[in-house]
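Structure data follow from final-v8.pdb (PDB, C-alpha atoms):
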ATOM      1  CA  MET E   1      35.007  42.943 -17.463
ATOM      2  CA  THR E   2      32.205  40.801 -16.002
ATOM      3  CA  VAL E   3      33.074  38.952 -12.818
ATOM      4  CA  ILE E   4      31.199  35.699 -12.312
ATOM      5  CA  THR E   5      30.820  34.777  -8.662
ATOM      6  CA  ALA E   6      30.021  31.313  -7.368
ATOM      7  CA  GLN E   7      26.384  30.813  -6.366
ATOM      8  CA  PRO E   8      25.912  30.261  -2.630
ATOM      9  CA  ARG E   9      24.726  26.813  -1.608
ATOM     10  CA  PRO E  10      20.907  26.926  -1.157
ATOM     11  CA  THR E  11      19.413  26.232   2.233
ATOM     12  CA  ARG E  12      16.055  24.752   1.127
ATOM     13  CA  ILE E  13      14.512  22.710  -1.671
ATOM     14  CA  PHE E  14      10.968  23.383  -2.846
ATOM     15  CA  PHE E  15       8.976  20.481  -4.306
ATOM     16  CA  PRO E  16       6.324  20.440  -7.043
ATOM     17  CA  ASP E  17       2.807  19.523  -5.901
ATOM     18  CA  LEU E  18       2.579  16.285  -7.859
ATOM     19  CA  ILE E  19      -0.142  14.668  -5.730
ATOM     20  CA  SER E  20      -2.703  17.316  -6.683
ATOM     21  CA  ARG E  21      -1.754  16.890 -10.354
ATOM     22  CA  CYS E  22      -2.216  13.105 -10.264
ATOM     23  CA  PRO E  23      -5.875  12.315 -11.064
ATOM     24  CA  PHE E  24      -5.967   8.647 -10.100
ATOM     25  CA  PRO E  25      -7.945   7.513  -7.045
ATOM     26  CA  LEU E  26      -5.992   6.415  -3.983
ATOM     27  CA  ARG E  27      -7.092   2.900  -3.009
ATOM     28  CA  TYR E  28      -6.034   0.820  -0.032
ATOM     29  CA  ASN E  29      -5.837  -2.926   0.546
ATOM     30  CA  PRO E  30      -7.653  -4.016   3.745
ATOM     31  CA  TYR E  31      -5.084  -6.762   4.443
ATOM     32  CA  CYS E  32      -2.275  -4.257   4.992
ATOM     33  CA  GLU E  33      -1.815  -4.481   8.750
ATOM     34  CA  LEU E  34      -1.710  -8.272   9.050
ATOM     35  CA  ALA E  35       0.313  -8.982   5.918
ATOM     36  CA  SER E  36       2.746  -6.151   6.633
ATOM     37  CA  ALA E  37       3.581  -7.509  10.090
ATOM     38  CA  GLU E  38       4.056 -11.037   8.750
ATOM     39  CA  SER E  39       6.170  -9.804   5.854
ATOM     40  CA  LYS E  40       8.497  -7.798   8.084
ATOM     41  CA  ALA E  41       8.977 -10.847  10.299
ATOM     42  CA  TRP E  42       9.678 -12.950   7.175
ATOM     43  CA  LEU E  43      12.421 -10.656   5.938
ATOM     44  CA  MET E  44      14.068 -10.051   9.304
ATOM     45  CA  SER E  45      14.132 -13.766  10.078
ATOM     46  CA  GLY E  46      15.708 -14.422   6.682
ATOM     47  CA  CYS E  47      18.589 -11.965   6.911
ATOM     48  CA  LYS E  48      20.691 -10.391   9.610
ATOM     49  CA  LEU E  49      20.099  -6.673  10.007
ATOM     50  CA  THR E  50      21.896  -4.333  12.379
ATOM     51  CA  LYS E  51      19.847  -2.484  14.974
ATOM     52  CA  LYS E  52      20.086   0.670  12.858
ATOM     53  CA  LYS E  53      18.944  -1.126   9.701
ATOM     54  CA  ARG E  54      16.072  -2.805  11.549
ATOM     55  CA  ALA E  55      14.837   0.598  12.705
ATOM     56  CA  ALA E  56      15.114   1.960   9.154
ATOM     57  CA  PHE E  57      13.232  -1.064   7.864
ATOM     58  CA  HIS E  58      10.335  -0.427  10.249
ATOM     59  CA  GLY E  59      10.278   3.224   9.170
ATOM     60  CA  LEU E  60      10.174   2.220   5.506
ATOM     61  CA  LYS E  61       6.470   1.271   5.694
ATOM     62  CA  GLY E  62       6.740  -1.087   2.748
ATOM     63  CA  GLY E  63       3.414  -2.682   3.640
ATOM     64  CA  LEU E  64       1.674   0.665   3.259
ATOM     65  CA  LEU E  65       3.194   1.154  -0.206
ATOM     66  CA  THR E  66       2.073  -2.355  -1.158
ATOM     67  CA  ALA E  67      -1.453  -1.658   0.109
ATOM     68  CA  MET E  68      -1.786   1.420  -2.086
ATOM     69  CA  CYS E  69      -0.203  -0.213  -5.153
ATOM     70  CA  TYR E  70      -2.031  -3.570  -5.056
ATOM     71  CA  PRO E  71      -5.346  -2.563  -3.463
ATOM     72  CA  LEU E  72      -7.514  -5.349  -4.928
ATOM     73  CA  ALA E  73      -5.249  -8.340  -4.219
ATOM     74  CA  GLU E  74      -6.615 -11.141  -2.061
ATOM     75  CA  TYR E  75      -4.640 -12.013   1.051
ATOM     76  CA  GLU E  76      -2.409 -14.738  -0.422
ATOM     77  CA  GLN E  77      -1.278 -12.598  -3.340
ATOM     78  CA  PHE E  78      -1.080  -9.448  -1.242
ATOM     79  CA  ARG E  79       1.273 -11.129   1.230
ATOM     80  CA  VAL E  80       3.587 -12.165  -1.628
ATOM     81  CA  CYS E  81       3.495  -8.597  -2.965
ATOM     82  CA  CYS E  82       4.421  -7.315   0.522
ATOM     83  CA  ASP E  83       7.333  -9.733   0.647
ATOM     84  CA  TRP E  84       8.478  -8.582  -2.800
ATOM     85  CA  ILE E  85       8.363  -4.877  -1.929
ATOM     86  CA  ASN E  86      10.238  -5.366   1.342
ATOM     87  CA  TYR E  87      12.732  -7.634  -0.404
ATOM     88  CA  LEU E  88      13.218  -5.110  -3.235
ATOM     89  CA  PHE E  89      14.069  -2.277  -0.842
ATOM     90  CA  HIS E  90      16.442  -4.587   1.042
ATOM     91  CA  LEU E  91      18.063  -5.535  -2.254
ATOM     92  CA  ASP E  92      18.324  -1.873  -3.247
ATOM     93  CA  ASN E  93      20.179  -1.121  -0.021
ATOM     94  CA  ILE E  94      22.518  -4.067  -0.617
ATOM     95  CA  CYS E  95      23.251  -3.030  -4.188
ATOM     96  CA  ASP E  96      24.073   0.530  -3.111
ATOM     97  CA  GLU E  97      27.017  -0.929  -1.181
ATOM     98  CA  MET E  98      28.244  -3.232  -3.977
ATOM     99  CA  ASP E  99      30.791  -2.838  -6.724
ATOM    100  CA  ASP E 100      30.305  -4.240 -10.219
ATOM    101  CA  ARG E 101      31.659  -7.728  -9.429
ATOM    102  CA  ALA E 102      29.578  -8.146  -6.285
ATOM    103  CA  THR E 103      26.455  -7.072  -8.178
ATOM    104  CA  VAL E 104      27.078  -9.704 -10.859
ATOM    105  CA  SER E 105      27.589 -12.378  -8.184
ATOM    106  CA  THR E 106      24.357 -11.453  -6.398
ATOM    107  CA  ALA E 107      22.486 -11.433  -9.706
ATOM    108  CA  GLY E 108      23.672 -14.973 -10.429
ATOM    109  CA  GLU E 109      22.415 -16.182  -7.063
ATOM    110  CA  ILE E 110      19.002 -14.529  -7.446
ATOM    111  CA  LEU E 111      18.393 -15.412 -11.090
ATOM    112  CA  GLY E 112      19.415 -19.005 -10.354
ATOM    113  CA  ALA E 113      16.715 -19.187  -7.671
ATOM    114  CA  LEU E 114      14.144 -17.765 -10.113
ATOM    115  CA  ARG E 115      14.962 -20.039 -13.027
ATOM    116  CA  ASP E 116      15.154 -23.254 -10.995
ATOM    117  CA  PRO E 117      13.097 -22.746  -7.838
ATOM    118  CA  ALA E 118      12.978 -26.463  -7.006
ATOM    119  CA  GLY E 119      16.551 -27.516  -7.745
ATOM    120  CA  PHE E 120      18.672 -24.447  -7.054
ATOM    121  CA  GLN E 121      20.537 -24.421  -3.748
ATOM    122  CA  PRO E 122      21.006 -20.798  -2.659
ATOM    123  CA  ALA E 123      24.193 -19.961  -0.779
ATOM    124  CA  SER E 124      23.107 -16.608   0.629
ATOM    125  CA  ALA E 125      20.292 -15.072   2.643
ATOM    126  CA  VAL E 126      19.061 -13.035  -0.338
ATOM    127  CA  GLY E 127      19.015 -16.197  -2.449
ATOM    128  CA  ARG E 128      16.900 -18.003   0.123
ATOM    129  CA  LEU E 129      14.493 -15.063   0.350
ATOM    130  CA  THR E 130      14.222 -15.064  -3.436
ATOM    131  CA  GLN E 131      13.410 -18.754  -3.481
ATOM    132  CA  SER E 132      10.797 -18.307  -0.754
ATOM    133  CA  PHE E 133       8.675 -15.622  -2.427
ATOM    134  CA  TRP E 134       9.198 -16.970  -5.950
ATOM    135  CA  ARG E 135       7.892 -20.443  -5.119
ATOM    136  CA  ARG E 136       4.671 -18.857  -3.885
ATOM    137  CA  LEU E 137       4.395 -16.358  -6.724
ATOM    138  CA  SER E 138       5.086 -18.874  -9.510
ATOM    139  CA  ALA E 139       2.462 -21.259  -8.150
ATOM    140  CA  ARG E 140      -0.272 -18.831  -9.181
ATOM    141  CA  ALA E 141       1.104 -16.281 -11.669
ATOM    142  CA  SER E 142       0.438 -16.793 -15.385
ATOM    143  CA  PRO E 143       3.361 -18.052 -17.511
ATOM    144  CA  GLY E 144       3.519 -14.648 -19.211
ATOM    145  CA  ALA E 145       3.706 -12.761 -15.916
ATOM    146  CA  GLN E 146       6.436 -15.111 -14.661
ATOM    147  CA  ARG E 147       8.453 -14.657 -17.841
ATOM    148  CA  ARG E 148       8.115 -10.880 -17.731
ATOM    149  CA  PHE E 149       9.145 -10.843 -14.075
ATOM    150  CA  ILE E 150      12.359 -12.787 -14.702
ATOM    151  CA  GLN E 151      13.265 -10.910 -17.880
ATOM    152  CA  THR E 152      12.813  -7.493 -16.301
ATOM    153  CA  PHE E 153      14.594  -8.514 -13.091
ATOM    154  CA  GLU E 154      17.585  -9.473 -15.219
ATOM    155  CA  LEU E 155      17.457  -5.994 -16.791
ATOM    156  CA  PHE E 156      17.443  -4.572 -13.264
ATOM    157  CA  PHE E 157      20.749  -6.239 -12.450
ATOM    158  CA  ARG E 158      22.378  -5.184 -15.716
ATOM    159  CA  ALA E 159      21.445  -1.570 -15.008
ATOM    160  CA  VAL E 160      22.514  -1.767 -11.357
ATOM    161  CA  ALA E 161      25.911  -3.083 -12.501
ATOM    162  CA  GLN E 162      26.249  -0.059 -14.806
ATOM    163  CA  GLN E 163      25.216   2.198 -11.939
ATOM    164  CA  ALA E 164      27.978   0.640  -9.818
ATOM    165  CA  ARG E 165      30.532   1.305 -12.553
ATOM    166  CA  ASP E 166      29.369   4.923 -12.819
ATOM    167  CA  ARG E 167      29.601   5.292  -9.050
ATOM    168  CA  GLU E 168      33.154   3.938  -8.997
ATOM    169  CA  SER E 169      34.302   6.168 -11.862
ATOM    170  CA  GLY E 170      32.369   9.275 -10.785
ATOM    171  CA  ASN E 171      30.640   9.359 -14.170
ATOM    172  CA  ILE E 172      27.406  11.361 -14.526
ATOM    173  CA  PRO E 173      25.545  10.103 -17.633
ATOM    174  CA  ASP E 174      23.678  12.292 -20.091
ATOM    175  CA  LEU E 175      19.927  12.617 -19.552
ATOM    176  CA  GLU E 176      18.888  10.224 -22.323
ATOM    177  CA  SER E 177      21.225   7.491 -21.070
ATOM    178  CA  TYR E 178      20.149   8.076 -17.488
ATOM    179  CA  ILE E 179      16.447   7.762 -18.327
ATOM    180  CA  ALA E 180      17.028   4.429 -20.085
ATOM    181  CA  MET E 181      19.092   3.097 -17.176
ATOM    182  CA  ARG E 182      16.732   4.471 -14.500
ATOM    183  CA  ARG E 183      13.769   2.632 -15.985
ATOM    184  CA  ASP E 184      15.595  -0.569 -15.071
ATOM    185  CA  THR E 185      17.356   0.382 -11.800
ATOM    186  CA  SER E 186      13.980   1.468 -10.410
ATOM    187  CA  GLY E 187      12.759  -2.130 -10.120
ATOM    188  CA  CYS E 188       9.364  -0.977 -11.414
ATOM    189  CA  LYS E 189       9.212  -3.396 -14.327
ATOM    190  CA  PRO E 190       9.025  -6.538 -12.158
ATOM    191  CA  CYS E 191       6.436  -4.674 -10.053
ATOM    192  CA  TRP E 192       4.278  -4.348 -13.165
ATOM    193  CA  ALA E 193       4.388  -8.157 -13.585
ATOM    194  CA  LEU E 194       3.058  -8.383 -10.024
ATOM    195  CA  ILE E 195       0.021  -6.343 -11.058
ATOM    196  CA  GLU E 196      -0.836  -9.294 -13.308
ATOM    197  CA  TYR E 197      -0.186 -11.772 -10.495
ATOM    198  CA  ALA E 198      -2.052  -9.796  -7.819
ATOM    199  CA  ASN E 199      -5.183  -9.540  -9.965
ATOM    200  CA  ASP E 200      -5.146 -13.040 -11.546
ATOM    201  CA  LEU E 201      -4.592 -11.607 -15.029
ATOM    202  CA  ASP E 202      -3.480 -13.663 -18.014
ATOM    203  CA  LEU E 203      -2.679 -11.161 -20.736
ATOM    204  CA  PRO E 204      -1.107 -12.393 -23.993
ATOM    205  CA  ASP E 205       2.337 -11.225 -25.073
ATOM    206  CA  TRP E 206       1.020  -9.535 -28.188
ATOM    207  CA  VAL E 207      -1.131  -7.266 -26.043
ATOM    208  CA  MET E 208       1.602  -6.544 -23.501
ATOM    209  CA  ASP E 209       4.044  -5.771 -26.334
ATOM    210  CA  HIS E 210       1.700  -3.253 -28.000
ATOM    211  CA  PRO E 211       3.286   0.241 -28.193
ATOM    212  CA  CYS E 212       0.425   1.819 -26.217
ATOM    213  CA  VAL E 213       0.786  -0.676 -23.377
ATOM    214  CA  ARG E 214       4.568  -0.314 -23.363
ATOM    215  CA  GLY E 215       4.140   3.450 -23.368
ATOM    216  CA  LEU E 216       1.767   3.331 -20.395
ATOM    217  CA  GLU E 217       4.276   1.235 -18.468
ATOM    218  CA  GLU E 218       7.056   3.689 -19.274
ATOM    219  CA  ALA E 219       4.962   6.706 -18.255
ATOM    220  CA  ALA E 220       4.122   5.074 -14.902
ATOM    221  CA  ASN E 221       7.747   3.999 -14.402
ATOM    222  CA  ASP E 222       8.992   7.489 -15.201
ATOM    223  CA  LEU E 223       6.634   9.204 -12.757
ATOM    224  CA  VAL E 224       7.481   6.778  -9.953
ATOM    225  CA  THR E 225      11.242   7.035 -10.480
ATOM    226  CA  TRP E 226      11.607  10.701 -11.413
ATOM    227  CA  SER E 227       9.447  11.838  -8.485
ATOM    228  CA  ASN E 228      11.484   9.501  -6.286
ATOM    229  CA  ASP E 229      14.633  11.257  -7.506
ATOM    230  CA  ILE E 230      13.146  14.587  -6.428
ATOM    231  CA  PHE E 231      12.086  13.374  -2.971
ATOM    232  CA  SER E 232      15.244  11.332  -2.308
ATOM    233  CA  TYR E 233      17.653  13.968  -3.613
ATOM    234  CA  ASN E 234      18.276  15.581  -0.235
ATOM    235  CA  VAL E 235      19.360  12.353   1.476
ATOM    236  CA  GLU E 236      21.334  11.207  -1.552
ATOM    237  CA  GLN E 237      23.267  14.455  -2.037
ATOM    238  CA  ALA E 238      24.208  14.378   1.628
ATOM    239  CA  ASN E 239      25.708  10.919   1.023
ATOM    240  CA  GLY E 240      27.451  11.968  -2.186
ATOM    241  CA  ASP E 241      25.226   9.829  -4.444
ATOM    242  CA  THR E 242      24.961  11.176  -8.011
ATOM    243  CA  HIS E 243      22.608   8.526  -9.479
ATOM    244  CA  ASN E 244      19.756  11.003  -9.464
ATOM    245  CA  MET E 245      17.918  12.829 -12.237
ATOM    246  CA  VAL E 246      18.261  16.179 -10.480
ATOM    247  CA  VAL E 247      22.064  15.828 -10.570
ATOM    248  CA  VAL E 248      21.982  14.720 -14.220
ATOM    249  CA  VAL E 249      19.841  17.710 -15.219
ATOM    250  CA  GLN E 250      22.028  20.123 -13.266
ATOM    251  CA  ASN E 251      25.104  18.767 -15.007
ATOM    252  CA  GLN E 252      23.653  18.670 -18.531
ATOM    253  CA  GLU E 253      21.531  21.817 -18.540
ATOM    254  CA  LYS E 254      23.855  23.867 -16.295
ATOM    255  CA  LEU E 255      21.028  24.715 -13.905
ATOM    256  CA  ASP E 256      21.055  25.664 -10.253
ATOM    257  CA  LEU E 257      19.552  23.167  -7.822
ATOM    258  CA  GLN E 258      16.027  24.602  -7.578
ATOM    259  CA  SER E 259      15.776  25.075 -11.343
ATOM    260  CA  ALA E 260      16.802  21.437 -11.816
ATOM    261  CA  VAL E 261      14.155  20.269  -9.314
ATOM    262  CA  ASP E 262      11.542  22.349 -11.151
ATOM    263  CA  TYR E 263      12.723  20.915 -14.491
ATOM    264  CA  VAL E 264      12.304  17.338 -13.267
ATOM    265  CA  GLY E 265       8.948  18.252 -11.712
ATOM    266  CA  ASP E 266       7.694  19.506 -15.090
ATOM    267  CA  LEU E 267       8.800  16.228 -16.651
ATOM    268  CA  CYS E 268       6.819  14.359 -13.973
ATOM    269  CA  VAL E 269       3.659  16.282 -14.863
ATOM    270  CA  GLY E 270       4.351  15.357 -18.482
ATOM    271  CA  CYS E 271       4.360  11.676 -17.461
ATOM    272  CA  ILE E 272       0.818  12.009 -16.119
ATOM    273  CA  ASP E 273      -0.346  13.717 -19.307
ATOM    274  CA  ARG E 274       1.402  11.081 -21.429
ATOM    275  CA  PHE E 275      -0.259   8.267 -19.472
ATOM    276  CA  GLN E 276      -3.756   9.688 -19.964
ATOM    277  CA  THR E 277      -3.191  10.261 -23.681
ATOM    278  CA  LEU E 278      -1.978   6.695 -24.200
ATOM    279  CA  ARG E 279      -4.816   5.224 -22.155
ATOM    280  CA  ASP E 280      -7.324   7.011 -24.381
ATOM    281  CA  ALA E 281      -5.503   5.663 -27.461
ATOM    282  CA  LEU E 282      -5.651   1.978 -26.438
ATOM    283  CA  PRO E 283      -7.196  -0.220 -29.152
ATOM    284  CA  SER E 284      -9.881  -2.790 -28.373
ATOM    285  CA  TRP E 285      -9.100  -6.504 -28.389
ATOM    286  CA  GLY E 286     -12.565  -7.696 -27.391
ATOM    287  CA  PRO E 287     -14.406  -7.720 -24.043
ATOM    288  CA  ALA E 288     -12.337 -10.427 -22.344
ATOM    289  CA  ILE E 289      -8.937  -8.876 -23.001
ATOM    290  CA  ASP E 290     -10.171  -5.297 -22.658
ATOM    291  CA  GLY E 291     -11.524  -6.072 -19.188
ATOM    292  CA  GLN E 292      -8.238  -7.579 -18.011
ATOM    293  CA  LEU E 293      -6.208  -4.777 -19.559
ATOM    294  CA  ALA E 294      -8.361  -2.158 -17.829
ATOM    295  CA  VAL E 295      -7.490  -3.763 -14.475
ATOM    296  CA  TYR E 296      -3.806  -3.736 -15.425
ATOM    297  CA  VAL E 297      -3.837  -0.080 -16.479
ATOM    298  CA  ASP E 298      -5.709   0.860 -13.291
ATOM    299  CA  GLY E 299      -2.930  -0.982 -11.436
ATOM    300  CA  LEU E 300      -0.337   1.254 -13.064
ATOM    301  CA  GLY E 301      -2.405   4.240 -11.928
ATOM    302  CA  ASP E 302      -2.457   2.819  -8.393
ATOM    303  CA  TRP E 303       1.329   2.807  -8.445
ATOM    304  CA  MET E 304       1.512   6.386  -9.732
ATOM    305  CA  ILE E 305      -0.639   7.927  -6.999
ATOM    306  CA  GLY E 306       0.271   5.395  -4.306
ATOM    307  CA  ASN E 307       3.994   5.990  -4.600
ATOM    308  CA  LEU E 308       3.540   9.770  -4.458
ATOM    309  CA  VAL E 309       1.500   9.572  -1.249
ATOM    310  CA  TRP E 310       3.792   6.947   0.317
ATOM    311  CA  SER E 311       6.846   9.169  -0.295
ATOM    312  CA  PHE E 312       5.607  11.444   2.497
ATOM    313  CA  GLU E 313       4.478   8.574   4.764
ATOM    314  CA  THR E 314       7.721   6.613   4.777
ATOM    315  CA  GLU E 315      10.627   7.737   6.953
ATOM    316  CA  ARG E 316      13.075   6.897   4.139
ATOM    317  CA  TYR E 317      13.289  10.441   2.752
ATOM    318  CA  PHE E 318      12.056  12.885   5.396
ATOM    319  CA  GLY E 319      12.337  10.974   8.658
ATOM    320  CA  ARG E 320       9.247  11.646  10.767
ATOM    321  CA  ASP E 321       8.640  15.026   9.140
ATOM    322  CA  GLY E 322       6.809  13.664   6.082
ATOM    323  CA  ALA E 323       3.429  15.206   6.930
ATOM    324  CA  ARG E 324       4.997  18.633   7.433
ATOM    325  CA  VAL E 325       7.051  18.346   4.234
ATOM    326  CA  ARG E 326       3.949  17.334   2.291
ATOM    327  CA  ALA E 327       2.107  20.393   3.632
ATOM    328  CA  ASP E 328       4.986  22.829   3.085
ATOM    329  CA  LEU E 329       6.404  21.196  -0.068
ATOM    330  CA  SER E 330       9.803  22.257   1.196
ATOM    331  CA  VAL E 331      12.713  20.795   3.129
ATOM    332  CA  ALA E 332      15.976  22.146   4.530
ATOM    333  CA  LEU E 333      18.999  21.059   2.511
ATOM    334  CA  LEU E 334      21.131  18.627   4.518
ATOM    335  CA  PRO E 335      24.875  19.211   4.859
ATOM    336  CA  ARG E 336      27.124  16.890   2.874
ATOM    337  CA  ARG E 337      28.611  14.144   5.002
ATOM    338  CA  LYS E 338      32.346  13.669   4.955
ATOM    339  CA  GLN E 339      33.316  10.622   2.912
ATOM    340  CA  ILE E 340      35.540   8.219   4.791
TER     341      ILE E 340
END

Any chance you could give the structure as structure tokens?
Amino acid sequence: MTVITAQPRPTRIFFPDLISRCPFPLRYNPYCELASAESKAWLMSGCKLTKKKRAAFHGLKGGLLTAMCYPLAEYEQFRVCCDWINYLFHLDNICDEMDDRATVSTAGEILGALRDPAGFQPASAVGRLTQSFWRRLSARASPGAQRRFIQTFELFFRAVAQQARDRESGNIPDLESYIAMRRDTSGCKPCWALIEYANDLDLPDWVMDHPCVRGLEEAANDLVTWSNDIFSYNVEQANGDTHNMVVVVQNQEKLDLQSAVDYVGDLCVGCIDRFQTLRDALPSWGPAIDGQLAVYVDGLGDWMIGNLVWSFETERYFGRDGARVRADLSVALLPRRKQI
């Protein structure tokens, strides 16, 4: 008779070297320092944060992420992009603490501010922040970019509500369902609309809806979010959070932790390969559109490499040990915190 013994809990996680596999140049916006300071002051004056949350917000380094993801934006647009990134992380933290009903209520407040920026009267701090950055963004963004921003932000809230229901029920979705939901909970899709805004692009719907363009957006989204799931896994597992691709793969494929991390890492490399294949397959729509689309696709590449590098610069995942973790590609597994 074969006796199956339980596998001991691992003590370390080893990460794939995704930065070296990502071929896109790392670019940096020169307005980072000034806009980042102003943006942090904007958010902290608009909402009440505890001392602990203020410290975490400073360690986030959202301005640095913005600088690497929107490197060509002029100051006015770059400042709005900084505000959006800081706001998005703040919103993500809020949503992590919400149930389904609270998520729906927050969505109504935010989408109301987006759809009627002049007439809507927000009743919450997050609603007022929404109104503030949206008035500035909508004054310059193309109608198409504005429409895509609102539509994809609505998808974000639908997916976050489903995530809240899964969290309450303890449900771990299958991989296919998780991938579809994660593409929306990531918040990447509205960020893609900001690539248009940041670079003064006015791309027609029939170009943005082309399968190659949609595929490029999905490949970039997948790399950003799946690599994030790898790097954030340690903190999330310690908090008992199961909305993570590593957990989904472990559950579906019956893999140990390191094998699941490696599995997701291989999928991330596949995202890079998929992106390059689709970029080479883009049709031509004439010099004017091709030139704008090239800027947009480069912007997706900025996000792919920028987010990977930022993951080791921010204190969100590795505290102040990011440089060491990037060099070692390994981190000690945190103990699980007791749930109160």

Which residues fall under the PyMOL selection byres ((chain E and resi 42) around 12) in this file, as a list in words?
Ala35, Ser36, Ala37, Glu38, Ser39, Lys40, Ala41, Leu43, Met44, Ser45, Gly46, Cys47, Lys48, Arg79, Val80, Cys82, Asp83, Trp84, Asn86, Tyr87, Ala125, Arg128, Leu129, Thr130, Ser132 and Phe133 of chain E

Residues matched by the PyMOL selection byres ((chain E and resi 189) around 10) as a ChimeraX atom specification
/E:148-153,155-156,183-188,190-194,217-218,220-221

The residues within 12 Å of (24.5, 8.2, -3.8), using only C-alpha atoms and the coordinates of the file, should be reported as a count of residues only; which are they?
31

Exactly which residues make up the result of the PyMOL selection byres ((chain E and resi 311) around 12) on this file, given as a PyMOL selection string?
chain E and resi 18-19+59-62+64-65+68+224-225+227-232+303-310+312-323+325-326

Mind dumping a table of every range 126-147 of chain E residue within 9 Å of range 203-206 of chain E, with the nearest atom pair and its distance in Å to one decimal, using only C-alpha atoms, sorted by chain and rising number, as a tab-separated table?
residue	atom	partner	partner_atom	distance
E:Ser142	CA	E:Leu203	CA	8.4
E:Gly144	CA	E:Asp205	CA	6.9
E:Ala145	CA	E:Leu203	CA	8.2

If you keep C-alpha atoms, can you produce a file of those selected residues as a compact mmCIF listing (two decimals), in the coordinates of the input?
# COMPACT_ATOMS: atom_id res chain seq x y z
CA SER E 142 0.44 -16.79 -15.38
CA GLY E 144 3.52 -14.65 -19.21
CA ALA E 145 3.71 -12.76 -15.92

Which is closest to Pro16 in chain E among E:Glu76, E:Asp266, E:Glu196, E:Asp116, if we use all atoms listed in the file?
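Smallest distance to Pro16 in chain E is found for E:Asp266.
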
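In this model, the gap between CA of Val269 in chain E and CA of Phe24 in chain E comes to 13.2 Å.
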
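Across the model, the gap from CA of Leu175 in chain E to CA of Ser259 in chain E is 15.5 Å.
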
Find, counting only C-alpha atoms, the residue in E:Leu111, E:Ala141, E:Leu216, E:Leu26 that gets nearest to Gln276 in chain E.
E:Leu216

Identify, on the basis of only C-alpha atoms, every residue whose closest approach to Leu333 in chain E does not exceed 8 Å; exclude the query and any residue fewer than 2 positions from it along the same chain; express the result as a ChimeraX atom specification.
/E:10-13,234,331,335

Once you have the residues from the selection above, write them out as a PDB file, in the coordinates of the input, restricted to C-alpha atoms.
ATOM      1  CA  PRO E  10      20.907  26.926  -1.157  1.00  0.00           C
ATOM      2  CA  THR E  11      19.413  26.232   2.233  1.00  0.00           C
ATOM      3  CA  ARG E  12      16.055  24.752   1.127  1.00  0.00           C
ATOM      4  CA  ILE E  13      14.512  22.710  -1.671  1.00  0.00           C
ATOM      5  CA  ASN E 234      18.276  15.581  -0.235  1.00  0.00           C
ATOM      6  CA  VAL E 331      12.713  20.795   3.129  1.00  0.00           C
ATOM      7  CA  PRO E 335      24.875  19.211   4.859  1.00  0.00           C
TER       8      PRO E 335
END

Separation of CA of Tyr28 in chain E from CA of Tyr197 in chain E, in Å and rounded to one decimal:
17.4 Å

Range 125-133 of chain E, all listed atoms, 8 Å padding on each side: what axis-aligned box centre and edge lengths in Å to one decimal come out, as lines of an AutoDock Vina configuration file?
center_x = 14.5
center_y = -15.9
center_z = -0.4
size_x = 27.6
size_y = 21.7
size_z = 22.1

From the list E:Val264, E:Ala198, E:Val213, E:Val126, the nearest residue to Leu278 in chain E using only C-alpha atoms is E:Val213

Excluding Gly112 in chain E and its own-chain neighbours fewer than 2 positions away, which residues fall within 12 Å of it when counting only C-alpha atoms? Please give them as a PyMOL selection string.
chain E and resi 105-110+114-124+126-128+130-131+134+150+153-154
